[in-house]
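K.L.:
The structure follows.
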Amino acid sequence: MKLKFFNFCFFKAIFLINCIGLKLYQSTEYVEIIPEKNEFLIEYTSYLHKNERLTILKNFFFNNFIRSYSLREKSSIFSSYPSDFDVVYLNNPVGSWIFSDETKKYIEKIQHHNRIQKSFHLNAENSSCNDQDKFIDRKLLQIQDELKFTSKFKKRKLLRHPTHLTKQLKAEYLWKKGITGDGIKVAIFDTGLQNNHPHFKNIVERVDFTDENNPDDNIGHGTFVCGLISSYKECLGLAPDANIYIFKVFTKNQVSYTSWFLDAFNYALMKKVDVLNLSIGGPDFMDTAFVRKVREVTSKRIIMVSGIGNDGPLYGTLNNPADQLDVIGVGGLGLDGRIAKFSSRGMTTWELPFGYGRVKPDIVTYGTNVLGSKKNGGCRTLSGTSVASPIIAGAVTLLLSSLNENQKRRMNPASMKQILMASADRIKDANMFEQGFGKLNLIRAYKYLQNYKTQVSTIPSYIDLTECPYFWPYCTQPLYYSGMPVMINVTILNPLKVSGRIEAPPIWYASRKTNGHFLKLDFAYPSVLWPWSGYLSISITVDSLASEFEGIVDGLVRFKVHYDSNDFLNEINLYVKAQIIPTPSRKQRILWDQFHNLRYPAGYFPRDDLRMTNDPLDWNGDHIHTNFRDLYQYLRDSGYFIETLGHSFLCFNASNYGTLMIVDPEEEFHKKEIKKIVGDILNNELSIIVFAEWYNTTVMKAAKFYEENSRKWLTPLTGGSNIPALNDLLEPFGIELGDRIFDGEYQIGEHVGIYSSGSSITKFPSSQNNYVIYRNLRDEGQIFLADIANKTVKKSKTELVPILGLAQPSFESGRIVVYGDSNCIDSSHMKKDCFWLLSALIEYASHNVLYSAFKETNSENFLNKNLKKIERLKISDFESHSKVLSKNQHIYLQCPEVVYGKGTFIEYVDFDFVPTDKNCFNFLKIKNCSIEEIVLKEIRDESEDAVQQLYVDNDQKNIIQNEFDTNLNLSFWEFGFLPFTIIVFVLYLLYKKISRTKLRNKRTNYKK
């Protein structure tokens, strides 16, 4: 027993030692965007001098009876130049009328002035040592040091060897040709840079746009980013001769404001920079002043590069501005060459619920354990898409410097994006929402650039709904008649001119050979493609003639982009391929309600798990392909077909589906919708499964937080879900959910589940054929309120709580399932999945097969609590965020009129249009994707030492050449865990052998 106890203590000690180390060195970057109280950002229709702006403001406020206001003085170098915006503080609160779209003379738009909080924390709480499951917490642009254990994942690796990016990308090949970034202006928006830093020789200007009036870097983040682009000593950057402009937009406390960014953008425009790197991001794609300014910047041919975010492996976690059409969004790779687990994934969520997201990131590159410059000299390694972004920016700088002046003038964000994407190496086991076009290949990009011809292209460059894994999720579910339209959001790159247009609707050329006419295509696109880009939304359905057909069909979508008043145009042929199967039984078909999900950044919609205090926003879209991706894959593997409803309940035929899933809804249900669902359940045998969440007005009021610097209270617009709205939907069936919040572990049959911030059933129809499942849970709401009030409470006692109800209103009707928590099917904060539970619930709902463990308690004796009906939060501004309650509800409730595009026949698709790896998947009409052997030979024979000597002092040469010498500053905690653990383990084995020998001797003596 003593030996066993020692074994336990020993291994626990080793485990804790390693945990302490990784906690010490797991730093995390958070970005939080908060509106300032009574501060408004006013955009003008043009650039104006200060006295002109003051006159406009004076007239505007006088006409609107506002007398008490003050203008926030610009505390940057840009204050003396014309500007297109101002920040105004109003001494008294004003109504929402100030945001109205009514014409304001000389004023383009008014919005809240946003404060951006970016901070680094040691991430001890969320370490793997807490024995939590993989999705504990999610952060923006996570940065990690040399010893990197990713807390979200069970697999851990000691990252010993730093990534020398110049060697990995073979930048020496270009340096040898004299291509070093010379003459290219690069702006770096970050935390600043020290004066006379030894790693940089071409720092043209350092400008502080914050209120600190000091462009020095107090954090080290900006220095590292700058080093990856242009360092010429020790840890080399890609473009050491580039002209660098340092734009400090974050303070030493990692605070910034939208207005600081706008000033910095305007100054970058004035300086006519060529490349702009933003290694920051956030989920707020509705900060319109910021988004519009980014578009203005890129419209002036400035190539903007930004990290896609570090919230992976969860889908729907893209950051802005990297998710914009005109920005090169960059994802990160791990040391194994695969997509880094931290790298954010698509799709974009701007288009939800009515449409489908675009493909992002655009490209990926090294993002793990990359070597770069320290704040005051020397080298360090960091990880994250903050690291991947400047690598792409450095590559862009190198490529631009290889061109002559005439060639440079042809380059713009779209053309550079085309070059990078066409030359990228596709990663075989990753889909397009993880990798974009693939991994950066600098040398191939250089070769393509030499022969580049300006032309319009699309992302993706073809549509093959059968190709896995690249076209996930499309490739996982074939098409069939009567299914909801499958939507593909195609990005159009138009490098020919900043503005273009699609005048004539695209045409579907169906292949006779493969029955392409069985597909029906509908198209949507903007009136103007600007800047340098646009979109083409394609909705695909199956013709009724193919209800029993099974096979592969294909064809071409052909459209023309006009880009000049003289009607110059470029024709695009987009290959489309799909698999059609006979229409499945309705029992196999599940409809996912997307319409009733609301999310940040439209408003403060809180997380579903109250304990996730570090990540309070619900911003992943709640789509079956984003944070419910694991659930989708489970249902597909189980043989079910899942379709998405992006419009109201008035817009689907219930006879096609066995089950409608309503998961974590924040939106209201219109009376017409409720009436239709009741009729569908009673008359069309439609079943519904509801996964609810918490809702408690007291908790919601307490969940608001006051930001000292922003002076703004933020109050949730709903709870985890909109329980009052759900109760309205379920009221005709005598079902109601309560406002108490419960938490705990439970067991049903052989399965163990976790209930996280869920609600309970307070009313249910009494019947021998209806069932209610009770389990012992804690009152989490009470604990939460006590924590907010800083009160210590005893551990909450458990009580028997009804958490699951199953009902069938009549013998011939559909069935109703209500469960109070969705966290166990939502990958955002999932501790333990309950897919087994959902599978059993679908068996009941669609097939009327009841899991034996559900029969333990019928609802015959269910005690309906005569509780007061849950009221909505009166102080909430929910109406302004709701589609159902808006003045335009009639528009939102309308079902879309599908007008299928003009179609014609071709005998078969010409081979030149069929994508293969030989023709770069039909991107840019490149016939040969391989690099010439002579180039490869040049790279192999090239002397790296000679090239490095151009940029490295003699006394530093050995540091660069020796991979381990670059990490002379590594401490015991950073490199000592594994050796220390091995030594202690060997000592333990020796001790164990000696102990056994002594024990054997004792037994021998005893026998004697």
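Just remember, in the structure tokens the first chain shown is A, the second B, etc., residues are 1-based per chain, and ligands are 1-based in the order shown.
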From the DSSP assignment of the backbone, select every residue of region 514-597 of chain A that is strand (DSSP E), and format the answer as a PyMOL selection string.

P.N.:
chain A and resi 519-524+533-542+551-562+569-580+589-593

K.L.:
Write out as a PyMOL selection string which residues come within 7 Å of Gly394 (chain A) when counting only C-alpha atoms, dropping same-chain ones fewer than 2 positions away.

P.N.:
chain A and resi 229+238-239+390-392+396-398

K.L.:
Go ahead and save the picked residues with N, CA, C and O atoms, as a short mmCIF file (atom, residue, chain, number, x, y, z; two decimals), in the first residue's frame.

P.N.:
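selection00.cif, written as the output of this step:
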```
data_model
loop_
_atom_site.label_atom_id
_atom_site.label_comp_id
_atom_site.auth_asym_id
_atom_site.auth_seq_id
_atom_site.Cartn_x
_atom_site.Cartn_y
_atom_site.Cartn_z
N ILE A 229 9.22 40.85 -40.78
CA ILE A 229 9.16 41.51 -42.09
C ILE A 229 10.53 42.00 -42.52
O ILE A 229 10.94 41.79 -43.67
N LEU A 238 12.05 38.69 -43.82
CA LEU A 238 12.01 38.35 -45.25
C LEU A 238 12.48 39.48 -46.15
O LEU A 238 13.08 39.24 -47.19
N ALA A 239 12.21 40.71 -45.77
CA ALA A 239 12.52 41.86 -46.64
C ALA A 239 13.36 42.88 -45.87
O ALA A 239 12.85 43.95 -45.48
N PRO A 390 2.53 38.76 -40.56
CA PRO A 390 3.69 39.49 -41.08
C PRO A 390 4.58 38.65 -41.99
O PRO A 390 5.34 39.21 -42.78
N ILE A 391 4.51 37.33 -41.89
CA ILE A 391 5.26 36.49 -42.83
C ILE A 391 4.71 36.70 -44.24
O ILE A 391 5.46 36.87 -45.21
N ILE A 392 3.38 36.69 -44.35
CA ILE A 392 2.77 36.97 -45.66
C ILE A 392 3.06 38.40 -46.10
O ILE A 392 3.36 38.65 -47.27
N VAL A 396 4.89 39.44 -49.50
CA VAL A 396 4.32 40.40 -50.45
C VAL A 396 5.33 41.51 -50.75
O VAL A 396 5.50 41.93 -51.91
N THR A 397 6.01 41.98 -49.72
CA THR A 397 7.02 43.03 -49.88
C THR A 397 8.14 42.57 -50.80
O THR A 397 8.58 43.30 -51.70
N LEU A 398 8.63 41.36 -50.58
CA LEU A 398 9.68 40.81 -51.44
C LEU A 398 9.21 40.73 -52.90
O LEU A 398 9.93 41.11 -53.82
#
```

K.L.:
So, with only C-alpha atoms as the atoms that count, which of A:Ser721, A:Thr762, A:Ser401, A:Asn369 lies closest to Leu867 (chain A)?

P.N.:
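Comparing A:Ser721, A:Thr762, A:Ser401, A:Asn369 against Leu867 (chain A), the winner is A:Thr762.
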
K.L.:
What is the distance, in Å and to one decimal place, between CA of Asn620 (chain A) and CA of Gly346 (chain A)?

P.N.:
9.8 Å

K.L.:
Hey, what's within 7 Å of Cys834 (chain A) if we count only C-alpha atoms and toss same-chain stuff fewer than 5 positions away? As a CSV table (one decimal) with all heavy atoms, in the first residue's frame, please?

P.N.:
```csv
chain,number,residue,atom,x,y,z
A,753,GLY,N,-24.0,12.6,-18.4
A,753,GLY,CA,-24.1,13.9,-19.0
A,753,GLY,C,-23.8,15.0,-18.1
A,753,GLY,O,-23.8,14.8,-16.9
A,824,CYS,N,-24.1,20.8,-24.4
A,824,CYS,CA,-23.5,19.5,-24.6
A,824,CYS,C,-23.5,19.1,-26.1
A,824,CYS,O,-23.0,18.0,-26.5
A,824,CYS,CB,-24.2,18.4,-23.8
A,824,CYS,SG,-26.0,18.3,-24.1
A,825,ILE,N,-24.1,19.9,-27.0
A,825,ILE,CA,-24.1,19.7,-28.4
A,825,ILE,C,-23.4,20.8,-29.1
A,825,ILE,O,-23.2,20.8,-30.4
A,825,ILE,CB,-25.5,19.4,-29.0
A,825,ILE,CG1,-26.4,20.6,-28.8
A,825,ILE,CG2,-26.1,18.1,-28.5
A,825,ILE,CD1,-27.7,20.5,-29.6
```

K.L.:
Report as a list in words all protein, DNA and RNA residues lying within 8 Å of Val772 (chain A), evaluated on only C-alpha atoms, omitting residues in the same chain fewer than 5 positions from it.

P.N.:
Pro802, Ile803, Leu804, Gly805, Leu806, Phe854, Thr857, Asn858, Ser859 and Phe862 of chain A

K.L.:
Would you kindly return, as a list in words, each protein, DNA or RNA residue with an atom no farther than 7 Å from any atom of region 622-638 of chain A, considering only C-alpha atoms and excluding same-chain residues fewer than 3 positions away?

P.N.:
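Using only C-alpha atoms, the neighbours found are Leu314, Tyr315, Gly316, Gln594, Asn597, Phe641, Ile825, Asp826, Ser827 and Ser828 of chain A.
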
K.L.:
Excluding same-chain residues fewer than 6 positions from Val294 (chain A), what lies within 12 Å of it counting only C-alpha atoms, as a ChimeraX atom specification?

P.N.:
/A:258,261-266,268-269,276-278,285,287-288,300-306,320-328,413,531

K.L.:
Find the distance between CA of Val225 (chain A) and CA of Gly367 (chain A) and write it in Å to one decimal.

P.N.:
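Atom-to-atom, CA of Val225 (chain A) and CA of Gly367 (chain A) are spaced 11.9 Å apart.
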
K.L.:
Could you name the residues that touch Ile688 (chain A) at 6 Å or less, counting only C-alpha atoms, but leaving out those on the same chain fewer than 4 positions away, as an MDAnalysis selection string?

P.N.:
chainID A and resid 659:661 816

K.L.:
Give the answer as one residue: which of A:Lys672, A:Arg607, A:Arg586, A:Lys176 has the shortest atom-to-atom distance to Leu686 (chain A), using only C-alpha atoms?

P.N.:
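Nearest candidate to Leu686 (chain A) out of A:Lys672, A:Arg607, A:Arg586, A:Lys176: A:Arg586.
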
K.L.:
One number please: CA of Arg53 (chain A) to CA of Lys293 (chain A), in Å, one decimal.

P.N.:
18.4 Å
